[in-house]
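First up is the structure itself, then whatever we jot down about it.
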Amino acid sequence: MKVVCSVNPGHCTVISYNFLLLIILQLCLDTVEGVWPLPQTFITSPERYQLKPQSFSFGYRRHLAAQHHCSVLDAAFKRYFSILFPDYASGNDTIRFSENEIFTLTISLDHHDCEGYPNQDSSERYKLNVSAGQASLNAETVWGVLKGLETFSQLVYQDDFGSYYINKTNIEDFPQFQYRGILLDTSRHYLPVQTILKTLDAMAYSKFNVFHWHIVDDPAFPYQSRTFPDLSNKGAFHPMTHIYTQSDVRRVISYARMRGIRVLPEFDSPGHTKSWGKGQPDLLTPCYKGGTPSGTFGPVNPTSPSTYQFMASLFKEVASVFPDTYIHLGGDEVDFYCWRSNPYIRAFMHKMGFGVDFNKLEAFYIEKIVNITSALRKTSIVWQDVFDYHEQHKSLSVVEVWKQGCYLCEVRKVVKAGLRVILASPWYLDQPGPTHNWARYYNVWPLAFKGTEKQKRLVIGGEVCLWGEYVDATNLSPRLWPRASAAAERLWSNERQTSSVDKAFPRLQEFRCKLLRRGIQAEPLDVGHCKHEYQSV
């Protein structure tokens, strides 16, 4: 180091020591490794600005301020202020600040869409610029602003003395895929509403935007229907404590909306419906043995007109409760044994010209259910089984690919048929596994199949699935996070910029520490520590 000395040699020593100390402190200062998921364009510099909670504020551009304030954003401002300044306890602050200590994040919107719900076509694009004393966040919609606020929150860091800083930054960002979902199964184990809400918080931190609520299945029917109350009275684990009331469902939908997350319900049939039959007589198919009923039941009876009357009434209610335009109809893993054993089912198949092909009977049923939901102006999603075993695909819209093996081969088949695809196969997280295997969920390339650009645009996104056989409120968060965040970056970020596991690791490690400080129990990725370890909240 070259030091310019004054005439006084002692003074030279002081300058040299202070200069060295300053350099060392600068090198030791905390910074951020980056943002998770990585923005499309991210330019930052060493120039940094101190943020003080007493002099920090959110604001609207003038043209927005003149209109009614946006409830979604007003709530987000309060939420993110606490995230930005977790150690700050507000009081009667009477300290006056100089102009250069004031910092304002100003929001501008192209479309004032605060009263609606996010949907498949909602833009999440945003631009974020951070400079001295101010930051500007511009987006086409409120849902883009929410994504930008999350990014801004990850840019703020704290030094060892408790001061908050942010670096000069320019970001232009948008998602690679429009559908980025997480499936929770509330039938195999009941999940308390608070557990679902906490998962929605964590989803927002990773920029997931769809909560796929697999709300009912064989073990239990916890959805409390207004039209058919016996479905939960007799089909839930407990008719009072282990149900989701209409109020519960509204609360989940509202909570998700305030975080830019859609709630997509799944009522899977004709299989996976044992719990349905407990509260709805004559819905399931009686199984036969030796020419007489055995007393057991199989899938939904697809030959009875009463089946479709019931389904029409149920889905009419579901369509009114869940505002999203998509609904998941299931259609997977239908066991034909009971249908095959029933003489009335076989007679119906003969009459319809199906022969002994039970796939045709299932296709007949699914088409009728799709028609019911289409009449309610809902877009149906089905599991890939429906596509695989049915010759006619004209009534289908969206297929979710879930089976293992060559899943991209399946994706290619579906898009060649002109249907949209949601990819779930590589992101089944319900089975326990070491957290350090997060790279297997990161190194997934949903578009790595031979196809035209038009066909690849039919891949609308992907989904992390957390099935409930071995998952309840005690282990949901560590089972899900931070491994699900690996899938989140794959679905949001540019593939070329996020192809290196080694480069991604420090960012994911830091993001996991952010999750801990925000109260999310995310498993460790490796040996190490976080400055702020998890505190039970």
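Residue names in the structure tokens use chain letters A, B, ... in the order shown, residue numbers from 1 in each chain, and ligand numbers from 1 in the order shown.
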>> I want to know what sits within 9 Å of range 117-127 of chain A, based on only C-alpha atoms, with residues of the same chain fewer than 4 positions away left out; could you give that as a VMD selection string?
In response: chain A and resid 113 136 to 148 170 to 175 178 to 179 209 257 to 258 260 to 262 323 to 326
>> Neighbouring residues of Gly451 in chain A were defined as those with any atom within 12 Å, considering only C-alpha atoms; residues of the same chain fewer than 2 positions away were excluded. Please report them as a ChimeraX atom specification.
In response: /A:408-409,411-418,446-449,453-459
> Which polymer residues have any atom within 12 Å of an atom of Ala204 in chain A, counting only C-alpha atoms, with same-chain residues fewer than 4 positions away left out, as a ChimeraX atom specification?
Replying inline: /A:36-37,76,79-80,143-144,146-151,153,180-182,197-200,208-211,255-262,485,488,515,518,520
Just write the chosen residues, N, CA and C atoms, as a short mmCIF file (atom, residue, chain, number, x, y, z; two decimals), in the first residue's frame.
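Output saved as part_4.cif:
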data_model
loop_
_atom_site.label_atom_id
_atom_site.label_comp_id
_atom_site.auth_asym_id
_atom_site.auth_seq_id
_atom_site.Cartn_x
_atom_site.Cartn_y
_atom_site.Cartn_z
N TRP A 36 -33.22 -14.40 -4.97
CA TRP A 36 -33.77 -15.73 -5.32
C TRP A 36 -35.28 -15.61 -5.50
N PRO A 37 -35.81 -16.03 -6.65
CA PRO A 37 -35.12 -16.48 -7.85
C PRO A 37 -34.42 -15.34 -8.58
N ALA A 76 -49.37 -4.84 1.58
CA ALA A 76 -48.01 -5.31 1.27
C ALA A 76 -46.96 -4.37 1.84
N ARG A 79 -46.56 -5.20 5.43
CA ARG A 79 -45.92 -6.51 5.56
C ARG A 79 -44.42 -6.41 5.29
N TYR A 80 -44.08 -5.74 4.21
CA TYR A 80 -42.67 -5.68 3.82
C TYR A 80 -41.87 -4.70 4.67
N TRP A 143 -49.83 -7.37 -9.30
CA TRP A 143 -49.16 -8.65 -9.07
C TRP A 143 -47.67 -8.53 -9.42
N GLY A 144 -47.35 -7.71 -10.40
CA GLY A 144 -45.95 -7.42 -10.70
C GLY A 144 -45.30 -6.60 -9.60
N LEU A 146 -46.03 -6.73 -6.43
CA LEU A 146 -45.75 -7.65 -5.32
C LEU A 146 -44.45 -8.42 -5.55
N LYS A 147 -44.22 -8.84 -6.79
CA LYS A 147 -42.97 -9.55 -7.08
C LYS A 147 -41.78 -8.60 -6.92
N GLY A 148 -41.95 -7.35 -7.34
CA GLY A 148 -40.88 -6.37 -7.19
C GLY A 148 -40.59 -6.03 -5.74
N LEU A 149 -41.62 -5.96 -4.91
CA LEU A 149 -41.43 -5.71 -3.48
C LEU A 149 -40.63 -6.84 -2.83
N GLU A 150 -40.91 -8.08 -3.24
CA GLU A 150 -40.15 -9.21 -2.71
C GLU A 150 -38.68 -9.08 -3.10
N THR A 151 -38.43 -8.73 -4.35
CA THR A 151 -37.04 -8.55 -4.79
C THR A 151 -36.36 -7.44 -3.99
N SER A 153 -36.99 -6.42 -1.04
CA SER A 153 -36.75 -6.86 0.33
C SER A 153 -35.49 -7.72 0.44
N ARG A 180 -46.61 -21.37 -11.73
CA ARG A 180 -45.57 -21.84 -10.82
C ARG A 180 -46.25 -22.24 -9.51
N GLY A 181 -46.52 -23.54 -9.39
CA GLY A 181 -47.43 -23.98 -8.34
C GLY A 181 -46.81 -24.86 -7.27
N ILE A 182 -47.54 -24.93 -6.15
CA ILE A 182 -47.25 -25.90 -5.09
C ILE A 182 -48.55 -26.61 -4.73
N LEU A 197 -51.60 -21.00 5.58
CA LEU A 197 -51.28 -19.57 5.42
C LEU A 197 -49.78 -19.33 5.50
N LYS A 198 -49.11 -20.04 6.39
CA LYS A 198 -47.66 -19.87 6.50
C LYS A 198 -46.96 -20.37 5.23
N THR A 199 -47.51 -21.42 4.64
CA THR A 199 -46.95 -21.91 3.37
C THR A 199 -47.17 -20.88 2.26
N LEU A 200 -48.29 -20.20 2.26
CA LEU A 200 -48.54 -19.14 1.28
C LEU A 200 -47.52 -18.01 1.43
N PHE A 208 -43.67 -18.18 -6.08
CA PHE A 208 -44.70 -19.10 -6.57
C PHE A 208 -46.01 -18.33 -6.69
N ASN A 209 -46.86 -18.73 -7.63
CA ASN A 209 -48.11 -17.97 -7.81
C ASN A 209 -49.38 -18.81 -7.91
N VAL A 210 -49.28 -20.13 -7.66
CA VAL A 210 -50.48 -20.98 -7.67
C VAL A 210 -50.43 -21.95 -6.49
N PHE A 211 -51.48 -21.92 -5.68
CA PHE A 211 -51.66 -22.93 -4.63
C PHE A 211 -52.66 -23.95 -5.15
N TYR A 255 -56.15 -14.50 1.66
CA TYR A 255 -54.75 -14.41 2.08
C TYR A 255 -53.83 -14.63 0.87
N ALA A 256 -54.17 -15.60 0.05
CA ALA A 256 -53.38 -15.88 -1.15
C ALA A 256 -53.44 -14.70 -2.12
N ARG A 257 -54.61 -14.17 -2.34
CA ARG A 257 -54.78 -13.04 -3.27
C ARG A 257 -53.90 -11.85 -2.86
N MET A 258 -53.84 -11.56 -1.58
CA MET A 258 -53.04 -10.43 -1.11
C MET A 258 -51.55 -10.65 -1.35
N ARG A 259 -51.17 -11.87 -1.67
CA ARG A 259 -49.77 -12.19 -1.98
C ARG A 259 -49.58 -12.55 -3.45
N GLY A 260 -50.60 -12.30 -4.27
CA GLY A 260 -50.49 -12.57 -5.71
C GLY A 260 -50.53 -14.04 -6.06
N ILE A 261 -51.21 -14.83 -5.23
CA ILE A 261 -51.26 -16.29 -5.44
C ILE A 261 -52.68 -16.73 -5.76
N ARG A 262 -52.82 -17.52 -6.80
CA ARG A 262 -54.11 -18.10 -7.16
C ARG A 262 -54.36 -19.36 -6.33
N SER A 485 -37.69 -24.14 -3.39
CA SER A 485 -37.14 -22.90 -3.95
C SER A 485 -36.25 -23.18 -5.16
N ALA A 488 -38.56 -23.20 -7.85
CA ALA A 488 -39.06 -21.83 -8.06
C ALA A 488 -38.14 -21.06 -9.01
N LEU A 515 -35.28 -17.06 4.87
CA LEU A 515 -36.50 -17.78 5.24
C LEU A 515 -36.55 -18.02 6.74
N ARG A 518 -37.53 -15.02 8.58
CA ARG A 518 -38.94 -14.69 8.36
C ARG A 518 -39.88 -15.72 8.99
N ILE A 520 -39.77 -19.17 8.66
CA ILE A 520 -40.02 -20.39 7.90
C ILE A 520 -38.96 -21.43 8.27
#
>> Which of range 170-396 of chain A end up as helix (DSSP H, G or I) when DSSP is run on this backbone - answer as an NGL selection string?
In response: :A and (193-205 or 230-235 or 246-257 or 274-279 or 305-321 or 337-341 or 343-352 or 358-375 or 384-389)
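CA of Ala487 in chain A lies 24.8 Å from CA of His532 in chain A.
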>> So that I can see what lies close to Ala473 in chain A, please list as a PyMOL selection string the residues with an atom at most 7 Å from it, counting only C-alpha atoms and leaving out residues fewer than 3 positions away in the same chain.
In response: chain A and resi 191+195+476
Can you spit out the residues from that selection as a short mmCIF file (atom, residue, chain, number, x, y, z; two decimals), in the first residue's frame, using N, CA, C and O atoms?
data_model
loop_
_atom_site.label_atom_id
_atom_site.label_comp_id
_atom_site.auth_asym_id
_atom_site.auth_seq_id
_atom_site.Cartn_x
_atom_site.Cartn_y
_atom_site.Cartn_z
N LEU A 191 -54.33 -30.42 7.33
CA LEU A 191 -53.42 -29.32 7.60
C LEU A 191 -54.21 -28.16 8.19
O LEU A 191 -55.14 -27.66 7.55
N THR A 195 -51.25 -23.40 9.06
CA THR A 195 -50.14 -24.03 8.34
C THR A 195 -50.20 -23.70 6.85
O THR A 195 -49.17 -23.44 6.20
N LEU A 476 -44.11 -30.25 7.48
CA LEU A 476 -44.37 -29.71 6.14
C LEU A 476 -43.30 -28.71 5.71
O LEU A 476 -42.73 -28.83 4.61
#
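For range 364-375 of chain A, the non-local neighbours within 7 Å, defined as residues at least 4 positions apart in the same chain or in other chains and counting only C-alpha atoms, are Pro302, Ala312, Phe315, Lys360, Thr379, Ser380 and Ser395 of chain A.
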>> Counting only C-alpha atoms, which residue out of A:Phe81, A:Tyr205, A:Trp276, A:Trp427 sits closest to Gln224 in chain A?
In response: A:Trp276
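For the pair CA of Phe297 in chain A and CA of Gly277 in chain A, the interatomic distance is 8.3 Å.
Restricting the calculation to only C-alpha atoms, the smallest distance between Leu183 in chain A and any of A:Ile345, A:Leu38, A:Ala363, A:Cys465 is found for A:Cys465.
Distances to Gly462 in chain A were evaluated for A:Gln404, A:Ser425, A:Ser71, A:Ser163 using only C-alpha atoms, and the minimum falls at A:Ser425.
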